[in-house]
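What follows is the content of target31.pdb, which has PDB, C-alpha atoms and all ligand atoms:
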```pdb
ATOM      1  CA  MET A   1      -3.945 -53.923 -63.456
ATOM      2  CA  VAL A   2      -5.683 -50.879 -61.936
ATOM      3  CA  ALA A   3      -4.214 -47.894 -60.079
ATOM      4  CA  VAL A   4      -5.963 -44.911 -58.496
ATOM      5  CA  LEU A   5      -4.610 -41.433 -57.852
ATOM      6  CA  GLY A   6      -3.664 -41.236 -54.190
ATOM      7  CA  LEU A   7      -3.894 -45.014 -53.658
ATOM      8  CA  GLY A   8      -1.525 -46.484 -56.235
ATOM      9  CA  VAL A   9      -2.051 -50.021 -57.578
ATOM     10  CA  VAL A  10      -5.206 -51.652 -56.170
ATOM     11  CA  PRO A  11      -6.800 -55.075 -56.722
ATOM     12  CA  ALA A  12      -8.273 -55.018 -60.238
ATOM     13  CA  ASP A  13     -11.838 -55.570 -58.992
ATOM     14  CA  THR A  14     -11.769 -52.564 -56.607
ATOM     15  CA  PRO A  15     -14.783 -50.253 -57.213
ATOM     16  CA  ILE A  16     -13.344 -46.904 -58.288
ATOM     17  CA  LEU A  17     -16.263 -45.031 -59.928
ATOM     18  CA  ARG A  18     -19.561 -43.752 -58.519
ATOM     19  CA  ALA A  19     -22.628 -44.676 -60.564
ATOM     20  CA  ASP A  20     -23.155 -40.992 -61.417
ATOM     21  CA  ASP A  21     -19.590 -40.373 -62.588
ATOM     22  CA  LEU A  22     -19.898 -38.137 -65.646
ATOM     23  CA  GLY A  23     -17.205 -40.118 -67.401
ATOM     24  CA  ALA A  24     -19.517 -43.132 -67.323
ATOM     25  CA  LEU A  25     -22.801 -41.231 -67.849
ATOM     26  CA  ARG A  26     -21.724 -38.929 -70.677
ATOM     27  CA  GLY A  27     -18.223 -39.904 -71.765
ATOM     28  CA  ASP A  28     -17.304 -36.538 -70.230
ATOM     29  CA  GLY A  29     -13.602 -36.817 -69.581
ATOM     30  CA  ILE A  30     -10.263 -37.374 -71.234
ATOM     31  CA  PHE A  31      -7.676 -40.108 -71.483
ATOM     32  CA  GLU A  32      -4.277 -41.081 -72.812
ATOM     33  CA  THR A  33      -3.099 -44.490 -73.979
ATOM     34  CA  MET A  34       0.609 -45.271 -73.644
ATOM     35  CA  HIS A  35       2.888 -48.139 -74.575
ATOM     36  CA  VAL A  36       4.625 -49.815 -71.634
ATOM     37  CA  ARG A  37       7.941 -51.492 -72.372
ATOM     38  CA  ALA A  38      10.567 -52.542 -69.824
ATOM     39  CA  SER A  39       8.105 -51.378 -67.126
ATOM     40  CA  ARG A  40       8.175 -47.759 -68.337
ATOM     41  CA  ALA A  41       5.570 -45.706 -70.192
ATOM     42  CA  ALA A  42       6.929 -44.493 -73.540
ATOM     43  CA  LEU A  43       6.678 -40.763 -74.383
ATOM     44  CA  LEU A  44       5.181 -39.952 -70.978
ATOM     45  CA  ASP A  45       5.903 -36.205 -71.232
ATOM     46  CA  GLU A  46       4.296 -35.982 -74.658
ATOM     47  CA  HIS A  47       1.187 -37.773 -73.413
ATOM     48  CA  LEU A  48       0.915 -35.523 -70.350
ATOM     49  CA  ASP A  49       1.343 -32.470 -72.612
ATOM     50  CA  ARG A  50      -1.562 -33.645 -74.758
ATOM     51  CA  MET A  51      -3.665 -34.427 -71.697
ATOM     52  CA  THR A  52      -3.124 -30.816 -70.572
ATOM     53  CA  VAL A  53      -4.443 -29.606 -73.944
ATOM     54  CA  SER A  54      -7.427 -31.970 -73.731
ATOM     55  CA  ALA A  55      -8.218 -30.746 -70.195
ATOM     56  CA  GLN A  56      -8.152 -27.119 -71.325
ATOM     57  CA  ARG A  57     -10.513 -27.841 -74.220
ATOM     58  CA  LEU A  58     -13.010 -29.532 -71.882
ATOM     59  CA  ASP A  59     -12.613 -26.973 -69.044
ATOM     60  CA  LEU A  60     -11.382 -29.713 -66.728
ATOM     61  CA  THR A  61      -8.944 -29.059 -63.901
ATOM     62  CA  PRO A  62      -6.439 -31.911 -63.767
ATOM     63  CA  PRO A  63      -4.435 -32.732 -60.657
ATOM     64  CA  PRO A  64      -0.803 -31.555 -60.605
ATOM     65  CA  ARG A  65       1.184 -32.962 -63.512
ATOM     66  CA  ALA A  66       3.734 -34.509 -61.153
ATOM     67  CA  ASP A  67       0.965 -36.542 -59.495
ATOM     68  CA  LEU A  68      -0.200 -37.876 -62.873
ATOM     69  CA  ALA A  69       3.385 -38.710 -63.833
ATOM     70  CA  ASP A  70       3.899 -40.531 -60.513
ATOM     71  CA  LEU A  71       0.687 -42.520 -60.993
ATOM     72  CA  VAL A  72       1.728 -43.602 -64.503
ATOM     73  CA  SER A  73       5.285 -44.428 -63.490
ATOM     74  CA  ALA A  74       4.221 -46.462 -60.449
ATOM     75  CA  THR A  75       1.659 -48.367 -62.533
ATOM     76  CA  ALA A  76       4.110 -49.097 -65.354
ATOM     77  CA  ALA A  77       6.769 -50.163 -62.837
ATOM     78  CA  ALA A  78       4.404 -52.826 -61.496
ATOM     79  CA  TRP A  79       3.865 -54.293 -64.997
ATOM     80  CA  PRO A  80       6.154 -57.241 -65.988
ATOM     81  CA  ALA A  81       9.299 -55.934 -67.674
ATOM     82  CA  ASP A  82       9.245 -58.624 -70.365
ATOM     83  CA  GLN A  83       5.675 -57.943 -71.487
ATOM     84  CA  GLU A  84       4.358 -55.116 -73.665
ATOM     85  CA  GLY A  85       1.549 -53.270 -71.935
ATOM     86  CA  MET A  86      -1.198 -50.839 -72.915
ATOM     87  CA  LEU A  87      -1.601 -48.217 -70.174
ATOM     88  CA  ARG A  88      -4.652 -45.977 -70.099
ATOM     89  CA  LEU A  89      -4.648 -42.854 -67.932
ATOM     90  CA  VAL A  90      -8.245 -41.679 -67.438
ATOM     91  CA  LEU A  91      -9.549 -38.407 -66.015
ATOM     92  CA  THR A  92     -13.310 -37.865 -65.797
ATOM     93  CA  ARG A  93     -15.378 -34.851 -64.720
ATOM     94  CA  GLY A  94     -16.223 -36.804 -61.558
ATOM     95  CA  ALA A  95     -19.561 -37.247 -59.794
ATOM     96  CA  GLU A  96     -22.660 -35.402 -61.055
ATOM     97  CA  THR A  97     -24.344 -34.604 -57.719
ATOM     98  CA  PRO A  98     -22.807 -32.909 -55.870
ATOM     99  CA  PRO A  99     -20.125 -32.131 -58.441
ATOM    100  CA  GLY A 100     -17.030 -33.989 -57.371
ATOM    101  CA  PRO A 101     -13.342 -33.607 -58.123
ATOM    102  CA  PRO A 102     -12.111 -35.379 -61.264
ATOM    103  CA  THR A 103     -11.873 -39.149 -61.021
ATOM    104  CA  VAL A 104      -8.368 -40.228 -61.994
ATOM    105  CA  PHE A 105      -7.176 -43.778 -62.533
ATOM    106  CA  ALA A 106      -4.906 -45.880 -64.720
ATOM    107  CA  THR A 107      -5.245 -49.380 -66.147
ATOM    108  CA  VAL A 108      -2.752 -51.660 -67.879
ATOM    109  CA  THR A 109      -3.537 -54.665 -70.057
ATOM    110  CA  ALA A 110      -1.387 -56.851 -72.299
ATOM    111  CA  VAL A 111      -0.983 -55.715 -75.914
ATOM    112  CA  PRO A 112      -3.117 -58.038 -78.077
ATOM    113  CA  ASP A 113      -1.228 -60.242 -80.548
ATOM    114  CA  SER A 114      -3.312 -58.833 -83.407
ATOM    115  CA  MET A 115      -1.872 -55.369 -82.742
ATOM    116  CA  ARG A 116       1.693 -56.651 -82.657
ATOM    117  CA  GLN A 117       1.161 -58.607 -85.884
ATOM    118  CA  ALA A 118      -0.220 -55.523 -87.684
ATOM    119  CA  ARG A 119       3.234 -53.905 -87.387
ATOM    120  CA  THR A 120       4.504 -56.299 -90.047
ATOM    121  CA  ALA A 121       1.377 -57.768 -91.687
ATOM    122  CA  GLY A 122      -0.190 -54.336 -92.175
ATOM    123  CA  VAL A 123      -3.826 -53.327 -92.370
ATOM    124  CA  ALA A 124      -6.587 -53.224 -94.972
ATOM    125  CA  LEU A 125      -8.432 -49.895 -94.691
ATOM    126  CA  LEU A 126     -11.748 -48.603 -95.896
ATOM    127  CA  THR A 127     -12.508 -44.920 -96.199
ATOM    128  CA  ALA A 128     -15.443 -43.737 -94.069
ATOM    129  CA  SER A 129     -16.908 -40.228 -94.061
ATOM    130  CA  LEU A 130     -16.953 -38.175 -90.867
ATOM    131  CA  GLY A 131     -19.423 -35.853 -92.594
ATOM    132  CA  LEU A 132     -17.540 -32.678 -91.622
ATOM    133  CA  PRO A 133     -15.601 -30.329 -93.915
ATOM    134  CA  ALA A 134     -11.886 -30.670 -93.105
ATOM    135  CA  ASP A 135     -11.593 -27.107 -91.716
ATOM    136  CA  LEU A 136     -14.814 -27.044 -89.660
ATOM    137  CA  ARG A 137     -13.476 -28.064 -86.260
ATOM    138  CA  ARG A 138     -10.811 -25.330 -86.265
ATOM    139  CA  GLY A 139     -13.526 -22.708 -85.712
ATOM    140  CA  ALA A 140     -15.928 -24.874 -83.662
ATOM    141  CA  PRO A 141     -14.461 -25.383 -80.163
ATOM    142  CA  TRP A 142     -17.605 -27.227 -79.009
ATOM    143  CA  LEU A 143     -16.643 -30.093 -81.324
ATOM    144  CA  LEU A 144     -13.514 -30.595 -79.202
ATOM    145  CA  GLY A 145     -11.116 -31.032 -82.098
ATOM    146  CA  GLY A 146      -7.686 -32.158 -80.941
ATOM    147  CA  ALA A 147      -8.974 -33.322 -77.525
ATOM    148  CA  LYS A 148      -8.697 -36.993 -76.581
ATOM    149  CA  THR A 149     -12.095 -37.350 -74.948
ATOM    150  CA  LEU A 150     -13.678 -40.463 -73.469
ATOM    151  CA  SER A 151     -16.444 -40.221 -76.112
ATOM    152  CA  TYR A 152     -15.052 -42.973 -78.336
ATOM    153  CA  ALA A 153     -18.292 -44.785 -79.192
ATOM    154  CA  VAL A 154     -18.142 -43.482 -82.787
ATOM    155  CA  ASN A 155     -14.464 -44.472 -83.042
ATOM    156  CA  MET A 156     -15.239 -48.007 -81.872
ATOM    157  CA  ALA A 157     -18.314 -48.264 -84.122
ATOM    158  CA  SER A 158     -16.165 -47.249 -87.094
ATOM    159  CA  GLN A 159     -13.727 -50.071 -86.365
ATOM    160  CA  ARG A 160     -16.535 -52.606 -85.808
ATOM    161  CA  TRP A 161     -18.042 -51.610 -89.138
ATOM    162  CA  ALA A 162     -14.670 -52.150 -90.865
ATOM    163  CA  LEU A 163     -14.369 -55.616 -89.307
ATOM    164  CA  SER A 164     -17.957 -56.475 -90.232
ATOM    165  CA  VAL A 165     -17.197 -55.955 -93.917
ATOM    166  CA  GLY A 166     -13.858 -57.767 -93.913
ATOM    167  CA  ALA A 167     -11.389 -54.890 -93.432
ATOM    168  CA  ASP A 168      -9.111 -54.100 -90.467
ATOM    169  CA  ASP A 169      -9.748 -50.418 -89.827
ATOM    170  CA  VAL A 170     -11.099 -47.244 -91.405
ATOM    171  CA  LEU A 171      -9.542 -44.056 -92.673
ATOM    172  CA  TRP A 172     -11.887 -41.188 -91.847
ATOM    173  CA  VAL A 173     -12.337 -38.688 -94.638
ATOM    174  CA  SER A 174     -13.835 -35.214 -94.526
ATOM    175  CA  ALA A 175     -17.011 -34.193 -96.368
ATOM    176  CA  ASP A 176     -14.795 -32.339 -98.843
ATOM    177  CA  GLY A 177     -12.771 -35.455 -99.605
ATOM    178  CA  TYR A 178      -9.580 -35.185 -97.532
ATOM    179  CA  ALA A 179      -8.017 -38.040 -95.582
ATOM    180  CA  LEU A 180      -7.996 -37.174 -91.857
ATOM    181  CA  GLU A 181      -7.015 -39.948 -89.436
ATOM    182  CA  ALA A 182      -8.111 -43.400 -88.300
ATOM    183  CA  PRO A 183     -10.281 -43.933 -85.186
ATOM    184  CA  THR A 184      -7.248 -44.746 -83.017
ATOM    185  CA  SER A 185      -4.265 -43.805 -85.169
ATOM    186  CA  THR A 186      -2.595 -41.139 -87.300
ATOM    187  CA  LEU A 187      -1.928 -41.225 -91.043
ATOM    188  CA  VAL A 188       1.616 -40.713 -92.370
ATOM    189  CA  TRP A 189       2.796 -41.233 -95.936
ATOM    190  CA  LEU A 190       6.027 -41.085 -97.902
ATOM    191  CA  GLU A 191       6.498 -39.270-101.200
ATOM    192  CA  GLY A 192      10.052 -39.749-102.459
ATOM    193  CA  THR A 193      12.135 -38.848 -99.421
ATOM    194  CA  VAL A 194       9.513 -36.623 -97.758
ATOM    195  CA  LEU A 195       7.471 -38.122 -94.933
ATOM    196  CA  HIS A 196       4.106 -36.384 -94.594
ATOM    197  CA  GLY A 197       1.408 -35.956 -91.983
ATOM    198  CA  VAL A 198      -2.021 -34.275 -91.914
ATOM    199  CA  PRO A 199      -2.025 -30.850 -90.161
ATOM    200  CA  SER A 200      -3.793 -31.278 -86.804
ATOM    201  CA  ALA A 201      -4.446 -27.624 -85.898
ATOM    202  CA  ARG A 202      -6.264 -27.028 -89.187
ATOM    203  CA  THR A 203      -8.340 -30.208 -89.211
ATOM    204  CA  GLY A 204      -8.996 -30.913 -85.524
ATOM    205  CA  ILE A 205      -7.594 -34.441 -85.763
ATOM    206  CA  LEU A 206      -5.821 -35.703 -82.682
ATOM    207  CA  ALA A 207      -2.163 -34.653 -82.683
ATOM    208  CA  GLY A 208      -0.630 -38.146 -82.563
ATOM    209  CA  THR A 209       2.383 -38.471 -80.267
ATOM    210  CA  THR A 210       3.805 -41.376 -82.312
ATOM    211  CA  ALA A 211       3.529 -39.567 -85.650
ATOM    212  CA  ARG A 212       5.017 -36.407 -84.107
ATOM    213  CA  TRP A 213       8.001 -38.333 -82.751
ATOM    214  CA  LEU A 214       8.474 -40.120 -86.071
ATOM    215  CA  LEU A 215       8.339 -36.869 -88.065
ATOM    216  CA  ASP A 216      10.732 -35.181 -85.619
ATOM    217  CA  HIS A 217      13.260 -38.019 -86.025
ATOM    218  CA  ALA A 218      12.700 -38.841 -89.724
ATOM    219  CA  GLY A 219      16.073 -37.264 -90.545
ATOM    220  CA  LYS A 220      17.657 -40.415 -89.111
ATOM    221  CA  LEU A 221      16.062 -42.337 -91.995
ATOM    222  CA  GLY A 222      17.297 -39.773 -94.531
ATOM    223  CA  TRP A 223      13.894 -38.165 -94.932
ATOM    224  CA  THR A 224      12.605 -34.623 -94.607
ATOM    225  CA  THR A 225       9.042 -33.934 -93.464
ATOM    226  CA  ALA A 226       5.994 -31.880 -94.402
ATOM    227  CA  GLU A 227       2.374 -31.489 -93.409
ATOM    228  CA  ARG A 228      -0.365 -31.100 -95.978
ATOM    229  CA  MET A 229      -3.883 -32.087 -96.874
ATOM    230  CA  VAL A 230      -4.142 -35.248 -98.954
ATOM    231  CA  THR A 231      -6.915 -37.144-100.713
ATOM    232  CA  PRO A 232      -7.213 -40.928-100.519
ATOM    233  CA  GLY A 233      -6.533 -41.110-104.258
ATOM    234  CA  GLU A 234      -3.177 -39.342-103.875
ATOM    235  CA  LEU A 235      -2.005 -41.870-101.282
ATOM    236  CA  ALA A 236      -1.896 -44.557-103.951
ATOM    237  CA  THR A 237       0.646 -42.602-106.009
ATOM    238  CA  GLY A 238       3.253 -42.133-103.245
ATOM    239  CA  ASP A 239       5.888 -44.449-101.789
ATOM    240  CA  GLY A 240       4.311 -45.793 -98.622
ATOM    241  CA  VAL A 241       1.404 -45.267 -96.199
ATOM    242  CA  TRP A 242       1.320 -46.101 -92.480
ATOM    243  CA  LEU A 243      -0.980 -45.691 -89.506
ATOM    244  CA  THR A 244       0.846 -44.862 -86.289
ATOM    245  CA  SER A 245      -0.340 -45.112 -82.706
ATOM    246  CA  SER A 246       1.186 -45.499 -79.283
ATOM    247  CA  VAL A 247       0.426 -49.182 -78.733
ATOM    248  CA  ARG A 248       0.073 -50.698 -82.203
ATOM    249  CA  GLY A 249       3.083 -48.660 -83.323
ATOM    250  CA  PRO A 250       3.449 -48.238 -87.091
ATOM    251  CA  ALA A 251       1.248 -50.436 -89.285
ATOM    252  CA  PRO A 252       1.731 -50.348 -93.062
ATOM    253  CA  VAL A 253      -1.471 -49.740 -95.006
ATOM    254  CA  ARG A 254      -1.633 -52.583 -97.549
ATOM    255  CA  THR A 255      -4.935 -51.684 -99.238
ATOM    256  CA  LEU A 256      -7.319 -48.730 -99.197
ATOM    257  CA  ASP A 257     -10.839 -49.465-100.428
ATOM    258  CA  GLY A 258      -9.355 -52.577-102.041
ATOM    259  CA  THR A 259      -6.652 -50.687-103.954
ATOM    260  CA  PRO A 260      -3.102 -51.874-103.153
ATOM    261  CA  MET A 261      -1.029 -49.112-101.547
ATOM    262  CA  PRO A 262       2.665 -48.537-102.269
ATOM    263  CA  TYR A 263       4.545 -50.731 -99.796
ATOM    264  CA  SER A 264       8.161 -51.244 -98.798
ATOM    265  CA  ALA A 265       9.017 -53.919 -96.235
ATOM    266  CA  ASP A 266      12.382 -52.209 -95.787
ATOM    267  CA  ASP A 267      10.914 -48.766 -94.990
ATOM    268  CA  THR A 268       8.353 -50.389 -92.686
ATOM    269  CA  GLU A 269      11.131 -52.176 -90.809
ATOM    270  CA  ARG A 270      13.203 -48.987 -90.517
ATOM    271  CA  ILE A 271      10.239 -47.032 -89.135
ATOM    272  CA  ARG A 272       9.405 -49.818 -86.675
ATOM    273  CA  ALA A 273      12.994 -49.979 -85.433
ATOM    274  CA  LEU A 274      13.273 -46.177 -85.142
ATOM    275  CA  LEU A 275      10.099 -46.069 -83.059
ATOM    276  CA  GLY A 276      11.462 -48.837 -80.816
ATOM    277  CA  PHE A 277       8.797 -51.492 -81.427
ATOM    278  CA  SER A 278       9.628 -55.198 -81.534
TER     279      SER A 278
HETATM  280  N1  LIG B 301      -5.979 -40.403 -83.604
HETATM  281  C1  LIG B 301      -6.873 -40.849 -82.719
HETATM  282  C2  LIG B 301      -8.326 -40.490 -82.891
HETATM  283  C3  LIG B 301      -6.459 -41.649 -81.639
HETATM  284  O1  LIG B 301      -7.347 -42.099 -80.743
HETATM  285  C4  LIG B 301      -5.091 -41.990 -81.520
HETATM  286  C5  LIG B 301      -4.615 -42.855 -80.433
HETATM  287  O2  LIG B 301      -4.659 -42.528 -79.326
HETATM  288  C6  LIG B 301      -4.200 -41.496 -82.449
HETATM  289  C7  LIG B 301      -4.668 -40.702 -83.505
HETATM  290  C8  LIG B 301      -2.727 -41.814 -82.360
HETATM  291  O3  LIG B 301      -2.153 -41.057 -81.311
HETATM  292  P1  LIG B 301      -0.893 -41.582 -80.526
HETATM  293  O4  LIG B 301       0.211 -41.792 -81.529
HETATM  294  O5  LIG B 301      -0.583 -40.466 -79.582
HETATM  295  O6  LIG B 301      -1.268 -42.838 -79.847
END
```

Can the structure from this file be put into structure tokens for me?
Amino acid sequence: MVAVLGLGVVPADTPILRADDLGALRGDGIFETMHVRASRAALLDEHLDRMTVSAQRLDLTPPPRADLADLVSATAAAWPADQEGMLRLVLTRGAETPPGPPTVFATVTAVPDSMRQARTAGVALLTASLGLPADLRRGAPWLLGGAKTLSYAVNMASQRWALSVGADDVLWVSADGYALEAPTSTLVWLEGTVLHGVPSARTGILAGTTARWLLDHAGKLGWTTAERMVTPGELATGDGVWLTSSVRGPAPVRTLDGTPMPYSADDTERIRALLGFS
């Protein structure tokens, strides 16, 4: 399903980009991916907040927030209520010559079975270096830390590499040995009754909306929360490790570089239920 700002839902084969759109030519733009359930986009406000941050970091001028919210809501409303959907809201820098207004559109596709299964089956991760010290992006705005840009070729290549060597996904690590995030998800881990996340402002990882919501509501599971830097080795000594993202939801990490991670089916189930995933 495809929808365009100002037009609403259009036939999926409608041409909506010029050949010189800078989103297509340079990956110069931003996006958000949301989970659609019961024909509504989950955490819409949080995603629009993050899109505002991404736009500021790329010096993009988005259309009014209410127009983006209307586009998402109308698109989600047209998706079957009994089917989970993956909605992408895309905003590019627009045409190159003459410079155009941003191109804005949304797409929805069905959530793949493999993503739904990972919520219970879990994932096997491999560490992969990003080559940057953990604190570098904080003082390097040109690296666009914390912005969800369309430049995801490295993210996708990381996941293809993991699949090519028999794993499910990667955990990016910094040059100085800290765990950061996965190419499309956020790392959270449990130590005793404290649920942890990696600080996003310090490291330039994407501030995950799912992890934020989980940490903000972890009290309902009897847990407190903290943010800190962590090494892959430390993750093995805790009480549980998960990747969280809007569409896959929470996926327990079963192995990291072949080492079994602490795992509780009960905690995994409680997190999944709290986040509202089936
Ligand atoms: N980190 C990266 C690089 C991502 O692309 C995503 C997914 O969009 C996430 C983390 C998880 O963020 P969210 O929970 O908002 O989907």

Requested in this report: Please identify every polymer residue within 8 Å of ligand LIG 301 (chain B), using all atoms listed in the file, and present the set as a list in words.
Outcome: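 Residues lying within 8 Å of ligand LIG 301 (chain B): Glu32, Thr33, Met34, His47, Lys148, Asn155, Glu181, Ala182, Pro183, Thr184, Ser185, Thr186, Ile205, Leu206, Ala207, Gly208, Thr209, Thr210, Ala211, Arg212, Thr244, Ser245, Ser246, Val247 and Gly249 of chain A.
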
Report summary line: Computed gap from atom CA of A:Ile30 to atom CA of A:Asp49 is 12.7 Å

Convert the output of the PyMOL selection byres (((chain A and resi 254-265) around 8) and not hetatm) on the shown file into explicit residues, formatted as an mmCIF file with C-alpha atoms, in the coordinates of the input.
```cif
data_model
loop_
_atom_site.group_PDB
_atom_site.id
_atom_site.type_symbol
_atom_site.label_atom_id
_atom_site.label_comp_id
_atom_site.auth_asym_id
_atom_site.auth_seq_id
_atom_site.Cartn_x
_atom_site.Cartn_y
_atom_site.Cartn_z
ATOM 1 C CA GLY A 122 -0.190 -54.336 -92.175
ATOM 2 C CA VAL A 123 -3.826 -53.327 -92.370
ATOM 3 C CA ALA A 124 -6.587 -53.224 -94.972
ATOM 4 C CA LEU A 125 -8.432 -49.895 -94.691
ATOM 5 C CA LEU A 126 -11.748 -48.603 -95.896
ATOM 6 C CA THR A 127 -12.508 -44.920 -96.199
ATOM 7 C CA PRO A 232 -7.213 -40.928 -100.519
ATOM 8 C CA LEU A 235 -2.005 -41.870 -101.282
ATOM 9 C CA ALA A 236 -1.896 -44.557 -103.951
ATOM 10 C CA THR A 237 0.646 -42.602 -106.009
ATOM 11 C CA GLY A 238 3.253 -42.133 -103.245
ATOM 12 C CA ASP A 239 5.888 -44.449 -101.789
ATOM 13 C CA GLY A 240 4.311 -45.793 -98.622
ATOM 14 C CA VAL A 241 1.404 -45.267 -96.199
ATOM 15 C CA PRO A 252 1.731 -50.348 -93.062
ATOM 16 C CA VAL A 253 -1.471 -49.740 -95.006
ATOM 17 C CA ASP A 266 12.382 -52.209 -95.787
ATOM 18 C CA ASP A 267 10.914 -48.766 -94.990
ATOM 19 C CA THR A 268 8.353 -50.389 -92.686
ATOM 20 C CA GLU A 269 11.131 -52.176 -90.809
#
```

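Closest to A:Leu48 among A:Ala134, A:Met86, A:Ala66, A:Val104 is A:Ala66, based on all atoms listed in the file.
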
Query raised in the report: Written as a ChimeraX atom specification, what is the full residue list that the PyMOL selection byres (((chain A and resi 141) around 12) and not hetatm) yields on the file shown?
Result: /A:54,56-59,136-140,142-147,201,203-204

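Between atom CA of A:Ala81 and atom CA of A:Ser39 there is a distance of 4.7 Å.
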
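Applied to this file, the PyMOL selection byres (((chain A and resi 63) around 10) and not hetatm) selects Leu5, Leu60, Thr61, Pro62, Pro64, Arg65, Ala66, Asp67, Leu68, Leu91, Pro101, Pro102, Thr103 and Val104 of chain A.
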
Query raised in the report: Contacts of A:Leu195 at 9 Å or less, counting only C-alpha atoms, minus same-chain residues fewer than 5 places along, as a list of chain:residue names?
Result: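 Skipping anything fewer than 5 positions along the chain leaves A:Val188, A:Trp189, A:Leu190, A:Leu215, A:Ala218, A:Trp223, A:Thr224, A:Thr225, A:Ala226, A:Glu227.
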
Query - Option closest in space to A:Arg50, from A:Ala77, A:Leu22, A:Ala273, A:Leu89 [counting all atoms listed in the file] - result: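 Among the listed residues, A:Leu89 lies closest to A:Arg50.
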
Query raised in the report: Quick one, how far is atom CA of A:Val170 from atom CA of A:Trp242?
Result: 12.5 Å

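Counting only C-alpha atoms, the residue from A:Trp213, A:Tyr178, A:Phe277, A:Phe31 that sits nearest to A:Arg228 is A:Tyr178.
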
Query raised in the report: Between A:Thr14, A:Gln117, A:Thr149, A:Ser129, which is the closest to A:Phe105 once you count only C-alpha atoms?
Result: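 Ranking A:Thr14, A:Gln117, A:Thr149, A:Ser129 by distance to A:Phe105, first place goes to A:Thr14.
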
Report summary line: Using only C-alpha atoms, the residue out of A:Ala106, A:Gly85, A:Gly27, A:Thr52 with shortest distance to A:Leu7 is A:Ala106

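Once A:Gln159 and its same-chain neighbours fewer than 2 positions away are set aside, Val154, Asn155, Met156, Ala157, Trp161, Ala162, Leu163, Ser164, Ala167, Asp168, Asp169, Val170, Ala182 and Pro183 of chain A remain within 9 Å of it when counting only C-alpha atoms.
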
Please return the centre and edge lengths, in Å to one decimal, of a box with edges along x, y and z that contains all listed atoms of stretch 258-270 of chain A, widened by 4 Å on every side, as lines of an AutoDock Vina configuration file.
```
center_x = 1.9
center_y = -51.2
center_z = -97.2
size_x = 30.6
size_y = 13.4
size_z = 21.4
```

**Report entry** Among listed residues A:Ala3, A:Thr97, A:Asp113, A:Leu132, nearest A:Val72 (using all atoms listed in the file)
**Finding:**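 Result for the nearest residue to A:Val72: A:Ala3.
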
Report task. Tell me which protein, DNA and RNA residues are within 8 Å of A:Arg119, counting only C-alpha atoms, leaving out same-chain ones fewer than 4 positions away, and put them as a list in words. Result -> Met115, Arg248, Gly249, Pro250, Ala251, Pro252 and Arg272 of chain A

Selection file, C-alpha atoms, as a PDB file, keeping the file's coordinate frame:
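Result saved to again.pdb:
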```pdb
ATOM      1  CA  MET A 115      -1.872 -55.369 -82.742  1.00  0.00           C
ATOM      2  CA  ARG A 248       0.073 -50.698 -82.203  1.00  0.00           C
ATOM      3  CA  GLY A 249       3.083 -48.660 -83.323  1.00  0.00           C
ATOM      4  CA  PRO A 250       3.449 -48.238 -87.091  1.00  0.00           C
ATOM      5  CA  ALA A 251       1.248 -50.436 -89.285  1.00  0.00           C
ATOM      6  CA  PRO A 252       1.731 -50.348 -93.062  1.00  0.00           C
ATOM      7  CA  ARG A 272       9.405 -49.818 -86.675  1.00  0.00           C
TER       8      ARG A 272
END
```
